[in-house]
Amino acid sequence: MRSLLSWVILALLSACGGGGGGSSGGGLNELTVHFSASSLQMQVLAGSTGNSGAVSFTATTTGTTTSPILIGADINGVGVLSPIDVSIQGDMAVITVTPDASQPAGTYTGTITALACKDQACQNHHRGSPYTLPYSVTVVPRLASNPTSASLSAPEGSLGRPQTLALSLPAGVSTALIDSVVYNDSASGWLQATLQTSAQGPQLQLSPSGAGLRSGVYSATVNLHIDQPLVQTVSVPVSFNVSSGLLTPATQERLLSPSSTPTDLQGSTAVTLAPGAASSGWSASSNAAWLVVDRSSGSFAQPLDWHVDAAALVDLPYGEQRSAVLHVDGGSNVSAQDITVRITNQLPRLTSLDTLALKAGQGGEVLVWGEGLTGLSSTLTELSIDGGAITPSAAQRVSDGMLSLTLPALSAGAHTLTLSHAAGVATPVLTLHVLSPVDRSYTAFGTEGTKRNLVWDAVSQSAYVINTTMNSLMRFDLSGPSPVASARSFGTLNRIVVARNHSRLHATTTDGQWLDLDLSSLQTLQAQALTISPLSTQIDLPLAITGDNLAWLDRGSLLVQDLNRNAERAVYANNGSTYNFGQPWGVVSPNGRRMLVTQTALFSPAPPPLWRDASGGASTAATDLNAFPTGQPITFFYRVASDRTGSRWALESSALYDFSLNKLGDLSLPSGWVALRTALSGDGSRAYVYALNQNAIGTYSEPNPILYWPRIYVFDTTSAPLLTTSYPLLNFIELPDYPACLATQGPVVCAPYELNFALTDDDRTLLAMGDRKLLVIPIPTGPLRASLAGLPPQASHRVRVLHQLKGATGMPRVQ
């Protein structure tokens, strides 16, 4: 049985064979597809990146056909990455299967069903299809030492106490080999490294000697390797503290992992005197609030006890390290010592979520992003919603970076999501805002100046926009009976967007700043210089921020700004093949999962658009931006609207497409009407098209008298049209006001197309803002109200990308 989650990339091959004879209906010369492999065996090192361990097999054909040949595969099992890469080489398809190195060490088996179909629905097969072959994936554990480094000490001229490190080896490997001991200072020969076997398993023993060394800290690296089942190397850093007075280790390491307990946050370090030194006792202090000294002084018979304050580590990102120093003083007759304590965080961590996923009284899917989520239990028992008061009806770990939760209907208000760990280390609290719908009265609110970048914040019930005429940032508070406007002068603003958690407004400036602004006062909360300055040209689309809290910024390349760390994560530069950026911009579905990117409007022929599914999380940013196939009919879009999940996109107010840019249907207006902007309901069942009559648009001046008022045409987009190319037109809403001027040229910057259009998250209110007015437009109740009932199931989040041979045409599809 095909699973929506196991579809992989499809390749479209042209029909093969000679110019005459042959058919797809049977016969001696009927086309047959041959797959070159009978089984697949793969090995990969745990945690590897790229296509490590990948294997390939081919699809070739004999015979002739007049039908398309679509090559694909269906996966049944785990341990293999999706989508599977398919490349076309002449009349041959090369199918490359890559093992999933993020899986825990072990062996995984399953089957791959190779397909050769005559139609995109794969209801009719060519001969040789379907073809099932088994696969096995062995994820080999990494060679590692525990702890990962060693801190040794000795007095001048004396031997130090040896330290033993346990070695983790793959099954069947009894020991490792020592490649070398590399000394990082002028001193050498002070370290003896030996391998030994004990009842606890293989070990690396490190024995130091302070003979001939002056007091100070020395360092070396012990390099180990194994050859089977895969070649692996590991380097173990060693520090050696040679003391003329107090004798303490130079470093203390703590690794916080899902199996850590409160004991792992505690430390006890012996403080002794070097031979010949005289002191009655020691005292100690810490230079960081999170590193607490339990015993601030003692005799040399008493250890220095300390612990890590778990609550103070809430802001330590996953995979990062924090260091602090314990300063130990033995009085005036001996030299003081510093002990560096390092904490490395590998605890699973939540970073962001689809904040407005649910409406009051309606359950559904909530996407949650994080890091290290494969460290959670399969049942996600570490996750708590409202302190355990709410239990998901389904919970799935989609990847190391994303969870999918199905929640019951919730009451309006703020609901919290937290992770708990056995070590007691706090993690960030995420807030799910469940809002009640708001019904408004029609309002026309005067506001002058050309506007760009209209964004709506449902939590504060406010609209934000850049006024390019006034060089200001404006806020329109719609939480009361009538709009309340406020503004801040801001001549360098480029683009804005409300933060994914709705806590602030993000902005970029033409002089290369990233700003966090207060949603109420519009004042700057934080400013940061960007590596590349955003385009000085103002693009009338909000900033693109995917659900994993990555901001995608443009400047002849794409810079990915990680908002969880306030740091740059990756840069996509022009490479002449996949990426050809001129003035790129991206648009993200409201739930944060899907993004479409127009590469440029400057190059000819135009490069294809790009797509990203953020289900892999922030760690996949450098590799999961994908190009649609060359020859894609759609190479450019600017005006765009999306439903919540990114299953439907309205491009240029003329038609609806799925995420793979397959056309679903037109949004055809009556003769004489010009579509300017489009908004889609959250469930994708309604399209609202703001339109002007062509007779109401002047060239150098506005028509007088104006014969037609603006209209908002409402289309039923519940399902794709069958008998016509256009979606059914339900009705229209006629507006009694023009929000923008009606001249296309003239001495003043003025055009009817300088209009912003948005639908509130509750699907109840449309906002139209131009250089004259803000219109607050309630959607009439009754047949025009978007319905949540009776819709077909949402498409899955897998994308099939079609590849083309010999002029055959094909479009990628979402399955």
# chains A, B, ... in the order shown; residues from 1 in each chain; ligands from 1

call {"tool": "residues_around", "arguments": {"residues": "Val314 (chain A)", "least_positions_apart": "5", "cutoff": "7 Å", "atoms": "only C-alpha atoms", "output": "JSON, numbers by chain"}}
result
{"A": [425, 426, 427, 428]}

call {"tool": "closest_atom_pairs", "arguments": {"of": "region 438-541 of chain A", "to": "region 720-740 of chain A", "cutoff": "10 Å", "atoms": "only C-alpha atoms", "output": "tab-separated table"}}
result
residue	atom	partner	partner_atom	distance
A:Tyr442	CA	A:Leu735	CA	9.5
A:Thr443	CA	A:Asp737	CA	9.7
A:Ala444	CA	A:Asp737	CA	7.2
A:Phe445	CA	A:Pro739	CA	9.0
A:Gly446	CA	A:Pro739	CA	8.5
A:Thr447	CA	A:Pro739	CA	9.0
A:Glu448	CA	A:Ala740	CA	9.2
A:Gly449	CA	A:Ala740	CA	9.6
A:Thr450	CA	A:Ala740	CA	8.7
A:Lys451	CA	A:Ala740	CA	9.9

call {"tool": "write_last_selection", "arguments": {"atoms": "all heavy atoms", "output": "mmCIF file, in the first residue's frame"}}
result
data_model
loop_
_atom_site.group_PDB
_atom_site.id
_atom_site.type_symbol
_atom_site.label_atom_id
_atom_site.label_comp_id
_atom_site.auth_asym_id
_atom_site.auth_seq_id
_atom_site.Cartn_x
_atom_site.Cartn_y
_atom_site.Cartn_z
ATOM 1 N N TYR A 442 -17.965 47.602 8.795
ATOM 2 C CA TYR A 442 -17.226 48.241 7.710
ATOM 3 C C TYR A 442 -16.715 49.611 8.160
ATOM 4 O O TYR A 442 -17.432 50.403 8.770
ATOM 5 C CB TYR A 442 -18.119 48.408 6.479
ATOM 6 C CG TYR A 442 -17.412 49.113 5.341
ATOM 7 C CD1 TYR A 442 -16.599 48.403 4.471
ATOM 8 C CD2 TYR A 442 -17.536 50.492 5.165
ATOM 9 C CE1 TYR A 442 -15.932 49.040 3.433
ATOM 10 C CE2 TYR A 442 -16.877 51.138 4.127
ATOM 11 C CZ TYR A 442 -16.081 50.411 3.270
ATOM 12 O OH TYR A 442 -15.408 51.046 2.246
ATOM 13 N N THR A 443 -15.426 49.888 7.866
ATOM 14 C CA THR A 443 -14.813 51.160 8.246
ATOM 15 C C THR A 443 -13.917 51.624 7.111
ATOM 16 O O THR A 443 -13.179 50.826 6.517
ATOM 17 C CB THR A 443 -13.959 51.011 9.528
ATOM 18 O OG1 THR A 443 -14.774 50.510 10.578
ATOM 19 C CG2 THR A 443 -13.361 52.343 9.937
ATOM 20 N N ALA A 444 -13.973 52.913 6.806
ATOM 21 C CA ALA A 444 -13.037 53.549 5.879
ATOM 22 C C ALA A 444 -12.260 54.592 6.674
ATOM 23 O O ALA A 444 -12.826 55.573 7.154
ATOM 24 C CB ALA A 444 -13.776 54.190 4.716
ATOM 25 N N PHE A 445 -10.960 54.369 6.849
ATOM 26 C CA PHE A 445 -10.120 55.190 7.726
ATOM 27 C C PHE A 445 -9.091 55.914 6.866
ATOM 28 O O PHE A 445 -8.284 55.273 6.184
ATOM 29 C CB PHE A 445 -9.437 54.284 8.751
ATOM 30 C CG PHE A 445 -8.692 55.005 9.832
ATOM 31 C CD1 PHE A 445 -9.361 55.540 10.920
ATOM 32 C CD2 PHE A 445 -7.315 55.154 9.771
ATOM 33 C CE1 PHE A 445 -8.673 56.189 11.930
ATOM 34 C CE2 PHE A 445 -6.619 55.803 10.760
ATOM 35 C CZ PHE A 445 -7.309 56.322 11.851
ATOM 36 N N GLY A 446 -9.099 57.229 6.883
ATOM 37 C CA GLY A 446 -8.195 58.006 6.043
ATOM 38 C C GLY A 446 -6.743 57.874 6.457
ATOM 39 O O GLY A 446 -6.406 58.028 7.633
ATOM 40 N N THR A 447 -5.870 57.590 5.487
ATOM 41 C CA THR A 447 -4.430 57.521 5.741
ATOM 42 C C THR A 447 -3.697 57.758 4.421
ATOM 43 O O THR A 447 -3.888 57.023 3.454
ATOM 44 C CB THR A 447 -4.013 56.160 6.345
ATOM 45 O OG1 THR A 447 -2.593 56.048 6.335
ATOM 46 C CG2 THR A 447 -4.618 54.986 5.586
ATOM 47 N N GLU A 448 -2.855 58.787 4.372
ATOM 48 C CA GLU A 448 -2.183 59.157 3.135
ATOM 49 C C GLU A 448 -0.790 58.553 3.049
ATOM 50 O O GLU A 448 -0.195 58.170 4.054
ATOM 51 C CB GLU A 448 -2.095 60.689 3.031
ATOM 52 C CG GLU A 448 -3.448 61.382 2.926
ATOM 53 C CD GLU A 448 -3.303 62.886 2.753
ATOM 54 O OE1 GLU A 448 -2.153 63.379 2.762
ATOM 55 O OE2 GLU A 448 -4.335 63.560 2.611
ATOM 56 N N GLY A 449 -0.269 58.495 1.817
ATOM 57 C CA GLY A 449 1.083 57.994 1.591
ATOM 58 C C GLY A 449 1.077 56.598 1.002
ATOM 59 O O GLY A 449 0.248 55.753 1.352
ATOM 60 N N THR A 450 2.024 56.343 0.112
ATOM 61 C CA THR A 450 2.158 55.012 -0.490
ATOM 62 C C THR A 450 2.607 54.019 0.575
ATOM 63 O O THR A 450 3.532 54.277 1.337
ATOM 64 C CB THR A 450 3.171 55.055 -1.642
ATOM 65 O OG1 THR A 450 2.704 55.986 -2.624
ATOM 66 C CG2 THR A 450 3.331 53.684 -2.271
ATOM 67 N N LYS A 451 1.941 52.851 0.599
ATOM 68 C CA LYS A 451 2.201 51.852 1.644
ATOM 69 C C LYS A 451 2.797 50.589 1.021
ATOM 70 O O LYS A 451 2.474 50.216 -0.108
ATOM 71 C CB LYS A 451 0.907 51.484 2.359
ATOM 72 C CG LYS A 451 -0.015 52.625 2.744
ATOM 73 C CD LYS A 451 0.542 53.490 3.844
ATOM 74 C CE LYS A 451 -0.534 54.368 4.487
ATOM 75 N NZ LYS A 451 -1.447 55.047 3.555
#

call {"tool": "residues_around", "arguments": {"residues": "Thr406 (chain A)", "least_positions_apart": "6", "cutoff": "7 Å", "atoms": "only C-alpha atoms", "output": "JSON, numbers by chain"}}
result
{"A": [364, 365, 366, 392, 393, 394, 395]}

call {"tool": "select_by_dssp", "arguments": {"residues": "region 380-417 of chain A", "states": "strand (DSSP E)", "output": "ChimeraX atom specification"}}
result
/A:383-385,394-399,402-407,413-417

call {"tool": "closest_residue", "arguments": {"among": "A:Phe581, A:Phe240, A:Trp456, A:Tyr218", "to": "Ala187 (chain A)", "atoms": "only C-alpha atoms"}}
result
A:Tyr218

call {"tool": "closest_residue", "arguments": {"among": "A:Ser701, A:Ser48, A:Asn549, A:Ser460", "to": "Val368 (chain A)", "atoms": "only C-alpha atoms"}}
result
A:Asn549

call {"tool": "residues_around", "arguments": {"residues": "His125 (chain A)", "least_positions_apart": "5", "cutoff": "6 Å", "atoms": "only C-alpha atoms", "output": "mmCIF file with all heavy atoms, in the first residue's frame"}}
result
data_model
loop_
_atom_site.group_PDB
_atom_site.id
_atom_site.type_symbol
_atom_site.label_atom_id
_atom_site.label_comp_id
_atom_site.auth_asym_id
_atom_site.auth_seq_id
_atom_site.Cartn_x
_atom_site.Cartn_y
_atom_site.Cartn_z
ATOM 1 N N ALA A 116 7.156 2.269 -12.792
ATOM 2 C CA ALA A 116 7.236 2.834 -14.139
ATOM 3 C C ALA A 116 5.796 3.001 -14.620
ATOM 4 O O ALA A 116 5.153 2.038 -15.027
ATOM 5 C CB ALA A 116 8.032 1.928 -15.074
ATOM 6 N N CYS A 117 5.295 4.225 -14.542
ATOM 7 C CA CYS A 117 3.876 4.482 -14.730
ATOM 8 C C CYS A 117 3.618 5.196 -16.054
ATOM 9 O O CYS A 117 4.468 5.894 -16.586
ATOM 10 C CB CYS A 117 3.335 5.324 -13.573
ATOM 11 S SG CYS A 117 3.676 4.592 -11.961
ATOM 12 N N LYS A 118 2.386 5.039 -16.536
ATOM 13 C CA LYS A 118 1.972 5.706 -17.758
ATOM 14 C C LYS A 118 1.259 7.025 -17.484
ATOM 15 O O LYS A 118 1.039 7.809 -18.413
ATOM 16 C CB LYS A 118 1.045 4.787 -18.554
ATOM 17 C CG LYS A 118 1.696 3.479 -19.001
ATOM 18 C CD LYS A 118 0.713 2.619 -19.789
ATOM 19 C CE LYS A 118 1.360 1.305 -20.229
ATOM 20 N NZ LYS A 118 0.420 0.455 -20.992
#

call {"tool": "atom_distance", "arguments": {"atom1": "CA of Ser619 (chain A)", "atom2": "CA of Arg593 (chain A)"}}
result
14.3 Å

call {"tool": "closest_residue", "arguments": {"among": "A:Arg452, A:Arg142, A:Arg127, A:Arg677", "to": "Asp771 (chain A)", "atoms": "only C-alpha atoms"}}
result
A:Arg452
